[in-house]
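Take a look at the structure set out below.
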Amino acid sequence: MAAGAGALLFAVAAVAGTLIDHYDGTLHVSWPPLLAQWMPHLGPGTLPALLTAVAVIAYGPPLAARLSWRRLTWASWAAALAWTWSLALVDGWQRGVAGRLTTRHEYLSGVDRFDDIPATLRDFTRHILIGPPDNWPTHIAGHPPGAVLTFVGLDRIGLGGGAWAGAFCVVTGASTAVAVLVTLRALGAGRAARAAAPFLVLAPGAVWVGASADGYFAAVAAWALALLALAATRTVRAPRAAALGSGLLFGVTVHLSYGLTLMVFPAVAVLVLARRARPLPVLGFAALGFAMVAVAFLLAGFRWWEAYGLLVERYYQGVARDRPYGYWVWANGAGVVIAAGLAAVAGIRRLPATVRGAQGPGRGPRTTGRGPRSADRTVALVVAAVLLALLVADLSGMSKAETERIWLPFTLWLPAAAALLPARDHRGWLAAQAGLALLVNHLLLTLW
C-alpha cells in the first residue's frame, strides 16, 4: 500500500504538472515532475543494465549474507559501478557520460576562468548574480567554489574534459553505497547492512549519478558520515584520524553544495546511535578538520555566508521566480520516490513501528540490546534523520524541481530502509527497484 501510494503521488504530480505547464508554463520542466524529455530509446548500456539487474536480484541477497565484510564492500562497489555505468550508457557515451558536464550551465564551462585560482576565488561572489559582466553559469553560481574547483583540479592533472569528469562522478558516486554500508555496520547494524546492500546497489538514483556532479557530492557526504561513525564507535584503529578525516570531508561537503549543511541531521543521528558517553574527543578532531577547510576558503577570499545570500537572490532571478511553491512543495516528493525507489517507500512505512520497537512480520525473533531489533532501529533512525533533512530542504523553497538529482546525497540513503522488509520478499522488491530505473532511463532522456 505504501509503495502504491508513492506511485500514485508520482502519477498525480505528473498529471497536475502537465496541466499547470499547459496552462501557464511556470514549471519549466519538460516532463513534470522530472527534468526530462519523453524519448523512448535503447542504447549500448541496455543489455549490460538488464544483466546487472538480473544478477543482483538473483544472487545479491545470498551473497550479501555470506560474503566476508571486506568482500561484500568491494562487491557492492563493483556492482554499483556496473549498474551506474550501464544506465548512463543507455543514452550513449556522448549524451550519457562525456557530454553531460559540458553544457553551458555546467561546471566545465567555467574551468578556463580559473587560471589564477586565488584571484578567481577572491572575485567569486562578484559573478554570482545575473547582471554583472561574466556572471557564472548556473551550476557554478549555485554552488560554493569547491564544486568547480574539483573539475579544475582534474583538468590540472591532465584529466580535463567531459569524459574524465563524467567518469569521475560515476566512480565516486557509486561508492556511496559502500559508505552507507560502512556507516550502518559501525553503528552495530551489520546484519541490516547486509540485507540493505543489494537495494543500495540497485538504487534508481543511479540514473542521475551517471553522470552528474551530485553523485560525487553524495559520495563525499556519505564518506564523511561513515568516518564519523567509525570514529564515534571506535571501530577503527585510529579513531582520532577518522574523526579528523570526517571533519575534513564535512568541510569539503559544505563547500560543494550549500544545501548539504543539512547533513547535520544524519550526523547528529550517527553520534546519538554511537552510544558513547564521551564524544568530545571525536567532536574535537572532527571540528578541527572542518575548520581547516573552512579557514582555507576564508583565507582564499571566499566568504560562504556572503555567497549564500547572493545565491538566494540569484535563485529568484531565474526560473525559480516562476516555479510555484504550492506545486513543488509536494511534487518534490515524487522525485524522491523515483530516485529512492518503491522498495525504499515500502521500507519507510515501517520506520515508526521499528523505532518504537514493534516487530514486523517476517523480521525474525524479538531481541534486545545489539540484536536484530536494535539493528533495525538503527537503520530506521538513520533513515528518519535523512528524511528530516529532506523535509527542511523541501520547506525552504530552495529546491523547486530537479530534486531527483539535487537531493541524491540524501535519497541514496533511503534504499537502506528496504532492509526492514521481510527477507522472503527481497527479490521482488529488488525487481521493482531495477524495473523502475530501467523504465525511467529507457522512456525518458534525463537532463543534467
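Scheme for the C-alpha cells: letters A, B, ... for chains in order shown; per-chain residue numbers from 1; ligand numbers from 1 in order shown.
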
Do you know which residues are at most 10 Å from A:Pro32 counting only C-alpha atoms, after dropping those on the same chain fewer than 2 positions away, and could you put them as JSON, numbers by chain?
-> {"A": [10, 11, 13, 14, 15, 16, 17, 18, 19, 20, 21, 27, 28, 29, 30, 34, 35, 36, 37, 331, 334, 335, 401, 402]}

Within 7 Å of A:Ala307, counting only C-alpha atoms, which residues show up once you throw out same-chain ones fewer than 4 positions away? Write them as number ranges by chain, please.
-> A: 125, 303, 311

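Considering only C-alpha atoms, the residue among A:Leu430, A:Phe410, A:Arg191, A:Pro324 positioned nearest to A:Ala389 is A:Phe410.
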
When distances are computed from only C-alpha atoms, which of A:Met398, A:Ala241, A:Leu63, A:Ala213 shows the smallest separation from A:Val312?
-> A:Met398

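Distances from A:Leu249, A:Ala419, A:Ala274, A:Val170 to A:Ala287 were compared using only C-alpha atoms, and the smallest one belongs to A:Leu249.
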
Using only C-alpha atoms, which residue out of A:Val148, A:Leu121, A:Leu200, A:Ala243 lies closest to A:Ala296?
-> A:Leu121

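In this comparison, which uses only C-alpha atoms, the residue of A:Arg356, A:Arg405, A:Arg194, A:Arg275 approaching A:Ala232 most closely is A:Arg275.
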
Might you pull out every residue within 10 Å of A:Leu387, with only C-alpha atoms counted and same-chain residues fewer than 2 positions away left off, and present them as a ChimeraX atom specification?
-> /A:265-266,348,381-385,389-393,410-411,413-414

Can you tell me which residues surround A:Gly301 at a distance of at most 9 Å, considering only C-alpha atoms, apart from same-chain residues fewer than 2 positions away, and format the answer as a JSON list (two decimals) with all heavy atoms, in the first residue's frame?
[["chain", "number", "residue", "atom", "x", "y", "z"],
["A", 118, "PRO", "N", 43.63, 31.72, -6.77],
["A", 118, "PRO", "CA", 43.39, 32.66, -5.66],
["A", 118, "PRO", "C", 42.63, 33.92, -6.09],
["A", 118, "PRO", "O", 41.70, 34.35, -5.40],
["A", 118, "PRO", "CB", 44.80, 32.99, -5.18],
["A", 118, "PRO", "CG", 45.63, 31.82, -5.57],
["A", 118, "PRO", "CD", 45.06, 31.38, -6.88],
["A", 119, "ALA", "N", 43.01, 34.47, -7.23],
["A", 119, "ALA", "CA", 42.33, 35.69, -7.70],
["A", 119, "ALA", "C", 40.87, 35.40, -8.04],
["A", 119, "ALA", "O", 39.97, 36.21, -7.74],
["A", 119, "ALA", "CB", 43.06, 36.26, -8.92],
["A", 121, "LEU", "N", 38.97, 33.06, -6.77],
["A", 121, "LEU", "CA", 38.21, 32.84, -5.53],
["A", 121, "LEU", "C", 37.88, 34.17, -4.85],
["A", 121, "LEU", "O", 36.80, 34.33, -4.29],
["A", 121, "LEU", "CB", 39.00, 31.94, -4.59],
["A", 121, "LEU", "CG", 39.05, 30.46, -4.96],
["A", 121, "LEU", "CD1", 39.89, 29.69, -3.95],
["A", 121, "LEU", "CD2", 37.64, 29.86, -5.02],
["A", 122, "ARG", "N", 38.83, 35.10, -4.89],
["A", 122, "ARG", "CA", 38.56, 36.41, -4.27],
["A", 122, "ARG", "C", 37.41, 37.13, -4.97],
["A", 122, "ARG", "O", 36.66, 37.87, -4.34],
["A", 122, "ARG", "CB", 39.83, 37.27, -4.30],
["A", 122, "ARG", "CG", 40.89, 36.84, -3.32],
["A", 122, "ARG", "CD", 41.98, 37.91, -3.18],
["A", 122, "ARG", "NE", 42.70, 38.15, -4.43],
["A", 122, "ARG", "CZ", 43.78, 37.48, -4.81],
["A", 122, "ARG", "NH1", 44.27, 36.52, -4.01],
["A", 122, "ARG", "NH2", 44.38, 37.75, -5.95],
["A", 123, "ASP", "N", 37.29, 36.90, -6.27],
["A", 123, "ASP", "CA", 36.23, 37.57, -7.04],
["A", 123, "ASP", "C", 35.00, 36.69, -7.26],
["A", 123, "ASP", "O", 34.09, 37.10, -7.98],
["A", 123, "ASP", "CB", 36.78, 37.98, -8.42],
["A", 123, "ASP", "CG", 37.81, 39.11, -8.31],
["A", 123, "ASP", "OD1", 37.77, 39.83, -7.30],
["A", 123, "ASP", "OD2", 38.63, 39.25, -9.24],
["A", 124, "PHE", "N", 34.98, 35.51, -6.66],
["A", 124, "PHE", "CA", 33.94, 34.53, -6.96],
["A", 124, "PHE", "C", 32.54, 35.10, -6.74],
["A", 124, "PHE", "O", 31.65, 34.96, -7.59],
["A", 124, "PHE", "CB", 34.14, 33.27, -6.12],
["A", 124, "PHE", "CG", 33.24, 32.13, -6.48],
["A", 124, "PHE", "CD1", 33.59, 31.26, -7.49],
["A", 124, "PHE", "CD2", 32.04, 31.94, -5.82],
["A", 124, "PHE", "CE1", 32.76, 30.20, -7.85],
["A", 124, "PHE", "CE2", 31.20, 30.89, -6.16],
["A", 124, "PHE", "CZ", 31.56, 30.02, -7.18],
["A", 296, "ALA", "N", 40.68, 27.66, 5.19],
["A", 296, "ALA", "CA", 41.41, 27.72, 3.91],
["A", 296, "ALA", "C", 40.62, 28.51, 2.87],
["A", 296, "ALA", "O", 41.17, 29.36, 2.16],
["A", 296, "ALA", "CB", 41.69, 26.31, 3.41],
["A", 297, "PHE", "N", 39.32, 28.25, 2.77],
["A", 297, "PHE", "CA", 38.50, 29.01, 1.82],
["A", 297, "PHE", "C", 38.37, 30.47, 2.24],
["A", 297, "PHE", "O", 38.38, 31.37, 1.40],
["A", 297, "PHE", "CB", 37.11, 28.37, 1.70],
["A", 297, "PHE", "CG", 37.04, 27.25, 0.70],
["A", 297, "PHE", "CD1", 37.15, 25.93, 1.11],
["A", 297, "PHE", "CD2", 36.87, 27.52, -0.65],
["A", 297, "PHE", "CE1", 37.10, 24.89, 0.19],
["A", 297, "PHE", "CE2", 36.81, 26.50, -1.59],
["A", 297, "PHE", "CZ", 36.93, 25.18, -1.17],
["A", 298, "LEU", "N", 38.28, 30.69, 3.54],
["A", 298, "LEU", "CA", 38.15, 32.06, 4.03],
["A", 298, "LEU", "C", 39.41, 32.86, 3.72],
["A", 298, "LEU", "O", 39.35, 34.01, 3.25],
["A", 298, "LEU", "CB", 37.87, 32.05, 5.53],
["A", 298, "LEU", "CG", 37.59, 33.41, 6.18],
["A", 298, "LEU", "CD1", 36.35, 34.04, 5.55],
["A", 298, "LEU", "CD2", 37.41, 33.25, 7.68],
["A", 299, "LEU", "N", 40.58, 32.27, 3.96],
["A", 299, "LEU", "CA", 41.84, 32.96, 3.67],
["A", 299, "LEU", "C", 42.02, 33.19, 2.17],
["A", 299, "LEU", "O", 42.69, 34.14, 1.77],
["A", 299, "LEU", "CB", 43.01, 32.15, 4.23],
["A", 299, "LEU", "CG", 43.10, 32.06, 5.75],
["A", 299, "LEU", "CD1", 44.26, 31.16, 6.17],
["A", 299, "LEU", "CD2", 43.25, 33.45, 6.37],
["A", 303, "ARG", "N", 33.83, 33.95, 1.18],
["A", 303, "ARG", "CA", 33.01, 34.02, 2.39],
["A", 303, "ARG", "C", 31.70, 33.27, 2.12],
["A", 303, "ARG", "O", 30.84, 33.75, 1.39],
["A", 303, "ARG", "CB", 32.74, 35.46, 2.80],
["A", 303, "ARG", "CG", 34.00, 36.21, 3.23],
["A", 303, "ARG", "CD", 33.71, 37.67, 3.50],
["A", 303, "ARG", "NE", 34.88, 38.35, 4.03],
["A", 303, "ARG", "CZ", 35.89, 38.81, 3.29],
["A", 303, "ARG", "NH1", 35.85, 38.64, 1.97],
["A", 303, "ARG", "NH2", 36.91, 39.40, 3.85]]

Residue set, stretch 34-217 of chain A restricted to alpha helix (DSSP H), as a VMD selection string | chain A and resid 46 to 66 69 to 89 93 117 to 122 138 to 141 145 to 156 162 to 174 176 to 186 190 to 201 206 to 209 213 to 217

Nearest to A:Asp112 among A:Ile140, A:Val152, A:Val337, A:Met39, with distances taken over only C-alpha atoms: which residue is it?
-> A:Val152

Considering only C-alpha atoms, return as JSON, numbers by chain whatever protein or nucleic-acid residues lie within 8 Å of A:Leu202, sequence-local ones (same chain, fewer than 6 positions apart) excluded.
-> {"A": [53, 56, 80, 83, 430, 433, 434]}

Could you pull the residues within 9 Å of A:Leu149, counting only C-alpha atoms, minus those fewer than 5 positions along the same chain, as a PyMOL selection string?
-> chain A and resi 107+111+114+117+154

Write the residues you've just listed into a file as a short mmCIF file (atom, residue, chain, number, x, y, z; two decimals), in the first residue's frame, and include N, CA, C and O atoms for each of them.
data_model
loop_
_atom_site.label_atom_id
_atom_site.label_comp_id
_atom_site.auth_asym_id
_atom_site.auth_seq_id
_atom_site.Cartn_x
_atom_site.Cartn_y
_atom_site.Cartn_z
N TYR A 107 29.69 22.87 -14.87
CA TYR A 107 30.95 23.30 -14.27
C TYR A 107 32.07 23.46 -15.28
O TYR A 107 32.89 24.38 -15.19
N VAL A 111 35.76 26.28 -16.23
CA VAL A 111 37.08 25.84 -15.79
C VAL A 111 38.19 26.76 -16.29
O VAL A 111 39.15 27.06 -15.56
N PHE A 114 39.76 29.80 -14.29
CA PHE A 114 40.50 29.59 -13.05
C PHE A 114 42.00 29.48 -13.29
O PHE A 114 42.70 28.75 -12.60
N ILE A 117 43.81 30.75 -9.57
CA ILE A 117 42.79 30.28 -8.62
C ILE A 117 42.58 31.25 -7.47
O ILE A 117 41.43 31.58 -7.14
N LEU A 154 40.95 18.30 -11.69
CA LEU A 154 41.07 17.22 -12.68
C LEU A 154 41.75 17.71 -13.95
O LEU A 154 42.60 17.03 -14.52
#

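For the pair atom CA of A:Trp93 and atom CA of A:Ala218, the interatomic distance is 22.7 Å.
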
If you count only C-alpha atoms, which residues fall within 8 Å of A:Leu436, apart from same-chain ones fewer than 4 positions away, as an mmCIF file with N, CA, C and O atoms, in the first residue's frame?
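For reference, selection_25.cif as written:
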data_model
loop_
_atom_site.group_PDB
_atom_site.id
_atom_site.type_symbol
_atom_site.label_atom_id
_atom_site.label_comp_id
_atom_site.auth_asym_id
_atom_site.auth_seq_id
_atom_site.Cartn_x
_atom_site.Cartn_y
_atom_site.Cartn_z
ATOM 1 N N PRO A 204 17.498 3.342 -7.906
ATOM 2 C CA PRO A 204 17.154 4.040 -9.150
ATOM 3 C C PRO A 204 17.865 5.379 -9.305
ATOM 4 O O PRO A 204 18.018 5.878 -10.417
ATOM 5 N N ILE A 338 11.006 8.397 -7.147
ATOM 6 C CA ILE A 338 11.671 7.836 -8.320
ATOM 7 C C ILE A 338 13.131 7.542 -8.027
ATOM 8 O O ILE A 338 13.659 6.502 -8.415
ATOM 9 N N GLY A 341 13.171 4.766 -5.027
ATOM 10 C CA GLY A 341 12.554 3.514 -5.422
ATOM 11 C C GLY A 341 11.394 3.110 -4.538
ATOM 12 O O GLY A 341 11.265 3.541 -3.389
ATOM 13 N N ALA A 432 11.460 -4.577 -8.404
ATOM 14 C CA ALA A 432 10.740 -3.310 -8.525
ATOM 15 C C ALA A 432 11.713 -2.144 -8.644
ATOM 16 O O ALA A 432 11.500 -1.206 -9.430
ATOM 17 N N VAL A 440 12.562 4.401 -16.367
ATOM 18 C CA VAL A 440 12.881 5.823 -16.432
ATOM 19 C C VAL A 440 13.960 6.084 -17.476
ATOM 20 O O VAL A 440 13.855 6.987 -18.305
#

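For the pair atom CA of A:Leu408 and atom CA of A:Thr176, the interatomic distance is 10.0 Å.
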